[in-house]
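J.: Can you keep this structure in mind? I'll have questions shortly.
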There are 2 protein chains.
Amino acid sequence: MTGGEKEITIYDIADKLHISAATVSRALKDHPRVSKKTKKLVTKTATEMGYRSNSFASNLRRKSSNIIGLIVPRLNSNFMADVIAGMEKVLNNNNYNLIISQSLETVQKEISNANAMLVNRVDGLLVSLAYDTTNIDHFEPFIKRNIPVIFFDRVFDHDGCPQIYIDNYKAAYEITTHLIKQGCKRIVHITASQLRKVYAERFAGYKKALEDNNIKFETNLVIINDLSSEAGIISARQVLKMHPLPDGIFSANDNCAITCMQILKKEGIAIPEDIAFAGFNNDPSAVVVEPNLTTVNYKGYEMGEVAAKLMIDNLVNKGAFHPAHSLILRSEMIIRESSLRTQ
Amino acid sequence: MTGGEKEITIYDIADKLHISAATVSRALKDHPRVSKKTKKLVTKTATEMGYRSNSFASNLRRKSSNIIGLIVPRLNSNFMADVIAGMEKVLNNNNYNLIISQSLETVQKEISNANAMLVNRVDGLLVSLAYDTTNIDHFEPFIKRNIPVIFFDRVFDHDGCPQIYIDNYKAAYEITTHLIKQGCKRIVHITASQLRKVYAERFAGYKKALEDNNIKFETNLVIINDLSSEAGIISARQVLKMHPLPDGIFSANDNCAITCMQILKKEGIAIPEDIAFAGFNNDPSAVVVEPNLTTVNYKGYEMGEVAAKLMIDNLVNKGAFHPAHSLILRSEMIIRESSLRTQ
DNA sequence: TTGTATGCGTTATCAG
DNA sequence: CTGATAACGCATACAA
């Protein structure tokens, strides 16, 4: 231990200034009932002595950490990176810190993450659920203790847990309708586990659009996988086996849409003339692929901001009775060349 | 306060079992000198009573938080999302948690982030520096206290702070050499602030490759900007004004390379025949753009893992004397169609 | 193997 | 406006 210098405490400052530790504590917290003179003196000597407040002690005393926990399926996706950036900004501006973890799409890890957050005594929890989560018993310890649990994107219905999501149903309805208006009559839908509301609702929106346009829904036009890039390739092969070929494809994310589209292109299928394409998310690659991909702009950054703001609200109005309320964010369709047929 | 149930402490467990709190504490920590019988009994009643250990008290006592701080320029980039995912995995497996913040490329925010980390008493700090950081005085409080500060990607030379990066010089040298071998003689280099070692070294590698191939370095073939998508567009316009046109472009990131390439394509320039292209990073979009982009595979996930592992090592061997050592990760060139000329 | 006693550094309560 | 004092819950040195 070379740098074993003793950490300065409020007692050291108090001793030096011949005042009480209580006054030092108050002065440092800008308490109203401390004279300006002592405040200045205290803060000055504090920095001089290299004091840093001990959050452990403070937290222990105050019973709060000013830390918000975040549990998401995966940290490395465009969408999630944007979400996190938005959250960090808002939380930081409100003097909260963000502790993160990923469930890697499994409930087991999600449960262990939740326990870690519980022990770390986060003041609130922001959650987007794993692929296979079917109940949220692991969040009950938080709810029981009145620690706000807010779901976003991959949400779960539970009294007392606000949810933030976009109107997936409506977005899917709109984009499917758009494809139909472009002349599509046999539209494939590529989606993921219907356990997750986001995908179930996009599916429902797709179906409803077909119905409203008197197009018969066909089960064999629905492909269910994990929406990865690889899944896009496999989907393309499935599509190529269809007779007759579909004339439109609506994928529940861009990632999968893009690889699928690229394979079909290589097979000589013209986009959008033979098959019109639509995705979901508005990933950066959507404007790189040729033709550029029609999609739904899913603003991660904004969702992160909103979720964090709601959390701050909950934390500030702690005592007050606050009915669980959900927020539905606006999404917008972005029409690009992948679906635009020159009529 | 509806859910105002009292939190269970080790004292409550002790009372119930008519043993001492010390024994409970030891039992819960799996201390060797506690009988199996009491251990089982304690853990069982602990869960029964809904006990959760109080990390505030524990941290205060142990003087460590098991939290690692992360400060990066931006959270929302492909590279950084991968880095963070890698870090989270390793840290979580070692019972550490990750608290994150972004400097948004300014020193001021970086300083305030550092202070927050200091107060939060992180056990270690992982840092990738902001664009305009020229000194690291704000990390001195950590270094003074023997709290490991590890730089990755955007690093800084400082005794006692390990650095993790790839050999940018070599990677740039190789990729420039590759372009030359494809017949390029007038190669534009698009890069960013030379304050940051990563960019300076890529620049140096580019220059050296020219030199070794007897190609005269020309200042007016170097474009310096922030490597954003917009910068790519602007760069393309600059390129179009060059007489004669260059026959190769090496951009210090993919992002900028891709938009630049797209503009040039629209202007009727054939890639790679007229101008061969190379980027840096291997972003997902590199395999979406047409032609696919030749680039350097910069493995964020791996870098995150390595940085986290080094941190864990440092934390475990705390007392021991450990000379600051740096790690240079292997990078590999990925040759794709954007630079491959059919000879 | 278990118990006793103490301190970690802060903040809140109460009293002046 | 300031001071004394008592928790907050845990982990460890020491004793048994």
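The way I read the labels, and the way they are meant: chains A, B, ... in the order of the structure tokens, residue 1 as the first residue of every chain, and ligand 1 as the first ligand shown, with later ones counted on from there.
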Fewer than 2 positions away in the same chain doesn't count, so skip those; otherwise give me all residues within 12 Å of D:DG9, counting only C-alpha atoms (C1' of nucleotides), as a ChimeraX atom specification.
T.: /A:56-57,59-61,63 /B:7-12,21-22,25,52-61 /C:8 /D:7,11
J.: Using only C-alpha atoms (C1' of nucleotides), which protein or nucleic acid residues come within 12 Å of stretch 206-218 of chain B? Drop anything in the same chain fewer than 3 positions from it, and give the result as a PyMOL selection string.
T.: chain B and resi 168-181+183-191+199-203+221-223+246+249-252+278
J.: Convert the current residue selection to file output with C-alpha atoms, as a compact mmCIF listing (two decimals), in the first residue's frame.
T.:
```
# COMPACT_ATOMS: atom_id res chain seq x y z
CA ASN B 168 -3.84 1.13 -35.24
CA TYR B 169 -0.59 1.95 -36.95
CA LYS B 170 -0.15 -1.56 -38.23
CA ALA B 171 -3.77 -1.97 -39.25
CA ALA B 172 -3.70 1.28 -41.21
CA TYR B 173 -0.39 0.34 -42.74
CA GLU B 174 -1.77 -2.97 -43.91
CA ILE B 175 -4.97 -1.65 -45.34
CA THR B 176 -3.19 1.17 -47.16
CA THR B 177 -0.70 -1.30 -48.53
CA HIS B 178 -3.60 -3.42 -49.70
CA LEU B 179 -5.04 -0.45 -51.59
CA ILE B 180 -1.68 0.21 -53.17
CA LYS B 181 -1.42 -3.40 -54.27
CA GLY B 183 -3.16 -0.31 -58.03
CA CYS B 184 -4.07 2.83 -56.10
CA LYS B 185 -1.58 5.67 -56.36
CA ARG B 186 -3.54 8.67 -55.10
CA ILE B 187 -5.13 7.60 -51.85
CA VAL B 188 -7.25 10.00 -49.84
CA HIS B 189 -7.24 9.56 -46.07
CA ILE B 190 -10.24 10.74 -44.09
CA THR B 191 -9.54 11.02 -40.39
CA TYR B 199 -6.40 8.56 -35.36
CA ALA B 200 -2.85 9.82 -35.26
CA GLU B 201 -1.56 6.28 -35.50
CA ARG B 202 -3.84 5.33 -38.33
CA PHE B 203 -2.62 8.41 -40.12
CA LEU B 221 -5.29 14.27 -49.91
CA VAL B 222 -5.93 14.27 -46.18
CA ILE B 223 -9.38 15.25 -44.96
CA PRO B 246 -8.04 10.05 -56.24
CA ILE B 249 -9.98 6.30 -50.17
CA PHE B 250 -9.09 5.07 -46.73
CA SER B 251 -11.47 6.38 -44.11
CA ALA B 252 -10.65 6.04 -40.42
CA ALA B 278 -11.46 0.97 -47.26
```
J.: Contacts from chain A to chain B, 8 Å maximum, only C-alpha atoms: show me the residue list as a PDB file with C-alpha atoms, in the first residue's frame.
T.:
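Result saved to part.pdb:
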```pdb
ATOM      1  CA  MET A   1       0.000   0.000   0.000  1.00  0.00           C
ATOM      2  CA  GLY A   3      -0.926   5.455  -1.583  1.00  0.00           C
ATOM      3  CA  GLY A   4      -2.371   4.544   1.792  1.00  0.00           C
ATOM      4  CA  GLU A   5      -3.281   8.072   2.764  1.00  0.00           C
ATOM      5  CA  ARG A  52     -14.802  13.084  -0.859  1.00  0.00           C
ATOM      6  CA  SER A  53     -18.122  12.299   0.685  1.00  0.00           C
ATOM      7  CA  ASN A  54     -18.657   8.692   1.595  1.00  0.00           C
ATOM      8  CA  SER A  55     -21.702   7.523  -0.280  1.00  0.00           C
ATOM      9  CA  PHE A  56     -21.719   4.225   1.598  1.00  0.00           C
ATOM     10  CA  ALA A  57     -22.319   5.939   4.896  1.00  0.00           C
ATOM     11  CA  ASN A  59     -26.668   5.807   1.625  1.00  0.00           C
ATOM     12  CA  LEU A  60     -26.828   3.706   4.746  1.00  0.00           C
ATOM     13  CA  ARG A  74     -28.932  -7.409 -24.959  1.00  0.00           C
ATOM     14  CA  LEU A  75     -26.779  -4.341 -24.624  1.00  0.00           C
ATOM     15  CA  ASN A  76     -25.375  -4.490 -28.097  1.00  0.00           C
ATOM     16  CA  SER A  77     -28.103  -3.474 -30.472  1.00  0.00           C
ATOM     17  CA  ASN A  78     -28.641  -0.148 -32.137  1.00  0.00           C
ATOM     18  CA  ALA A  81     -27.626   1.623 -27.301  1.00  0.00           C
ATOM     19  CA  ASP A  82     -29.869   4.562 -28.148  1.00  0.00           C
ATOM     20  CA  ILE A  84     -29.332   3.682 -22.827  1.00  0.00           C
ATOM     21  CA  ALA A  85     -27.842   6.895 -24.130  1.00  0.00           C
ATOM     22  CA  GLU A  88     -28.083   8.147 -19.083  1.00  0.00           C
ATOM     23  CA  ASN A  92     -27.318  12.095 -14.966  1.00  0.00           C
ATOM     24  CA  ASN A  97     -26.510   6.911 -11.837  1.00  0.00           C
ATOM     25  CA  LEU A  98     -27.221   3.972 -14.038  1.00  0.00           C
ATOM     26  CA  ILE A  99     -26.146   0.423 -13.347  1.00  0.00           C
ATOM     27  CA  ILE A 100     -26.638  -1.952 -16.226  1.00  0.00           C
ATOM     28  CA  SER A 101     -26.981  -5.641 -16.926  1.00  0.00           C
ATOM     29  CA  GLN A 102     -28.129  -7.898 -19.712  1.00  0.00           C
ATOM     30  CA  LEU A 118     -31.955  -5.824  -5.225  1.00  0.00           C
ATOM     31  CA  VAL A 119     -28.793  -6.267  -3.203  1.00  0.00           C
ATOM     32  CA  ASN A 120     -27.266  -3.202  -4.760  1.00  0.00           C
ATOM     33  CA  ARG A 121     -30.296  -1.348  -3.465  1.00  0.00           C
ATOM     34  CA  LYS A 144     -43.279  -5.060  -2.391  1.00  0.00           C
ATOM     35  CA  ARG A 145     -40.763  -2.481  -1.245  1.00  0.00           C
ATOM     36  CA  ASN A 146     -42.259   0.277  -3.344  1.00  0.00           C
ATOM     37  CA  ILE A 258     -32.121  -6.564 -44.722  1.00  0.00           C
ATOM     38  CA  PRO A 284     -28.757   2.793 -39.537  1.00  0.00           C
ATOM     39  CA  SER A 285     -28.400   0.078 -42.146  1.00  0.00           C
ATOM     40  CA  VAL A 288     -27.471   1.789 -46.549  1.00  0.00           C
ATOM     41  CA  VAL A 289     -29.173  -1.188 -48.110  1.00  0.00           C
ATOM     42  CA  GLU A 290     -30.271  -0.797 -51.720  1.00  0.00           C
ATOM     43  CA  GLY A 319     -45.072   9.133  -1.041  1.00  0.00           C
TER      44      GLY A 319
END
```
J.: Give me the chain C side of the contact with chain A, cut-off 12 Å, one line per residue showing its nearest atom pair and distance in Å at one decimal, counting only C-alpha atoms (C1' of nucleotides), sorted by chain and residue number, as a tab-separated table.
T.:
```
residue	atom	partner	partner_atom	distance
C:DC8	C1'	A:Ala57	CA	7.8
C:DG9	C1'	A:Ala57	CA	5.1
C:DT10	C1'	A:Ser58	CA	4.8
C:DT11	C1'	A:Arg61	CA	6.1
C:DA12	C1'	A:Arg61	CA	8.9
C:DT13	C1'	A:Ala22	CA	11.7
```
J.: Distance limit 8 Å, atoms considered: only C-alpha atoms (C1' of nucleotides). Which chain D residues sit that close to chain A? Return them as a PDB file with C-alpha atoms (C1' of nucleotides), in the first residue's frame.
T.:
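What ended up in selection_9.pdb:
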```
ATOM      1  C1'  DC D   1     -27.440  29.113  13.619  1.00  0.00           C
ATOM      2  C1'  DT D   2     -24.725  25.261  15.982  1.00  0.00           C
ATOM      3  C1'  DG D   3     -23.611  21.061  18.887  1.00  0.00           C
ATOM      4  C1'  DC D   8     -28.120   2.978   9.952  1.00  0.00           C
ATOM      5  C1'  DG D   9     -26.523  -2.727   9.255  1.00  0.00           C
TER       6       DG D   9
END
```
J.: Just to confirm, what's the straight-line distance from atom CA of A:Phe151 to atom CA of A:Ala307 in Å (one decimal)?
T.: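 Straight-line distance from atom CA of A:Phe151 to atom CA of A:Ala307 works out to 8.2 Å.
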